[in-house]
Structure formats: C-alpha cells, structure tokens
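Written below as structure tokens is the structure these notes are about.
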Amino acid sequence: MSSALKNLSDFNHTTIPNGAGMRIGIVVAEWNIEVTGALRDGAIKTLLDNGVIENDIIVKYVPGSFELTFGAQLLCEDKSIDCAICLGCVIQGETRHFDFICDAVAQGVTNVSLKYNKPVIFGLLTPNTLQQAQDRAGGKHGNKGDEAAITAIKMVSLKKG
Ligand code: DLZ
C-alpha cells in the first residue's frame with residue numbers, strides 16, 4: 001500500500017494555510033467505529049491545531065461508509081459549511097461488498113463535490129486487515145484523519161483564493 005511509505009500525519013514538506021474562519025463538516029461512519037473514531041479525533045485535533053475554531057467543526061454520523069456521501073450532501077446543503085470530510089473504514093472481506101462500497105463512496109464524493117462546488121474529502125481507509133487500518137488511524141503510519149483535515153483546509157483556501 002502506498003501509505004506504508006508515507007506517514008499520513010507528516011506535513012513538514014508543505015505550507016498549510018490558516019483555517020481561521022473556515023467551517024468544516026465531518027461525517028463519520030459508525031462501522032469499525034474504533035478506527036473511524038480515531039480518524040475523527042485526528043481530524044478534529046488537526047483542524048484545531050491549524051486555526052479552525054471548535055464551533056466551526058460540525059460532526060455527523062452515518063451507519064456505514066456507503067452512507068457517507070448522503071451525509072456529505074446534507075452538510076454541503078448548509079450554505080455556512082465550506083467543506084465536508086468523509087471518514088470511513090472498509091475492510092476487505094471475502095465478498096464483493098468491499099468493491100461496491102469503495103466504488104460508491106469514491107464516485108459519490110466526486111458527485112457531491114461537483115454538485116455543490118465545495119471540497120468533499122475522501123477519508124476512507126480501504127485496508128486488507130484491521131491491523132492495517134489501525135496503523136493508519138493513529139498508528140505507525142500516522143492518521144488519515146489528519147491528512148483529510150489538512151486537505152480540507154488547503155482546498156477551502158484554494159476556493160476562497
Ligand atoms: C455491510 C457492510 C460491510 C460488510 N462492511 C462494511 C465495512 O467494512 N465498513 C463500512 O463502513 N460499512 C460496511 N458495511 C455497511 C455499509 O457501508 C452500509 O452501511 C450498509 O450496506 C447499509 O447501506
């Protein structure tokens with residue numbers, strides 16, 4: 001996996017805009033909540049560390065990753081929200097469920113983003129094992145929630161110009 005070569009929480013190589021004044025929605029899948037809760041916590045801490053204030057972080061929950069894009073759509077309908085971050089974890093199983101969910105989320109994130117002209121961030125872990133997920137949710141490869149938060153700030157800054 002490419003993220004094994006990169007720490008998802010290492011942003012030393014990049015300039016991060018200040019997030020003050022940005023209003024960020026986060027939608028969290030409840031499936032694999034021990035992983036997605038860690039992604040959420042990482043994202044919130046990273047937003048706060050980079051200037052977003054607590055009142056401007058709106059967290060919503062959906063049952064599973066398949067529902068992330070509808071959650072993102074609800075957040076994007078709110079004119080005060082600049083960006084939606086989708087956080088989920090789909091672990092490869094023995095059936096094709098994995099492929100259907102991952103494909104639907106990837107396509108749905110793109111569709112919602114273009115429909116509302118707002119950044120929608122793809123914070124979906126797609127590991128083969130729970131251990132690989134934990135390694136990327138505050139473990140040895142960092143936290144994809146941190147990466148999603150930095151991407152959100154950068155994309156809102158890009159849009160605001
Ligand atoms: C059904 C299902 C399965 C098998 N696996 C996962 C998973 O690994 N991660 C996840 O976020 N959600 C999973 N789900 C639930 C679906 O995302 C969805 O909530 C249900 O199919 C209901 O639409």
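Labels for the structure tokens follow display order: chains A, B, ..., residues from 1 in each chain, ligands from 1.
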
| task | List all protein, DNA and RNA residues that have at least one atom no more than 12 Å from any atom of ligand 1, counting only C-alpha atoms and all ligand atoms, and write them as an MDAnalysis selection string. | result | chainID A and resid 27:37 61:71 86:105 123:130 133

| message | Considering only strand (DSSP E or B) as DSSP defines it on the backbone, what residues of range 30-68 of chain A qualify? List them as a count of residues only. | response | 6

| Using the chain letters and numbers from this document, which residues of range 27-77 of chain A does DSSP assign to helix (DSSP H, G or I), as a ChimeraX atom specification? | /A:33-49,54-56,65-77

| message | Please report the interatomic distance between CA of Val59 in chain A and CA of His13 in chain A in Å with one decimal. | response |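 These two atoms are separated by 28.7 Å.
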
| Proximity to Lys79 in chain A - best of A:Lys144, A:Arg23, A:Lys6, A:Arg40, only C-alpha atoms |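 So, comparing all the options, the nearest one is A:Arg23.
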
| Which neighbours of range 15-18 of chain A fall inside 6 Å, counting only C-alpha atoms, when residues of the same chain fewer than 2 positions from it are skipped, and could you give them as a count of residues only? | 3

| query | Pick the closest to Asp146 in chain A from A:Leu5, A:Leu39, A:Cys76, A:Ile26: which is it, counting only C-alpha atoms? | reply | A:Leu39
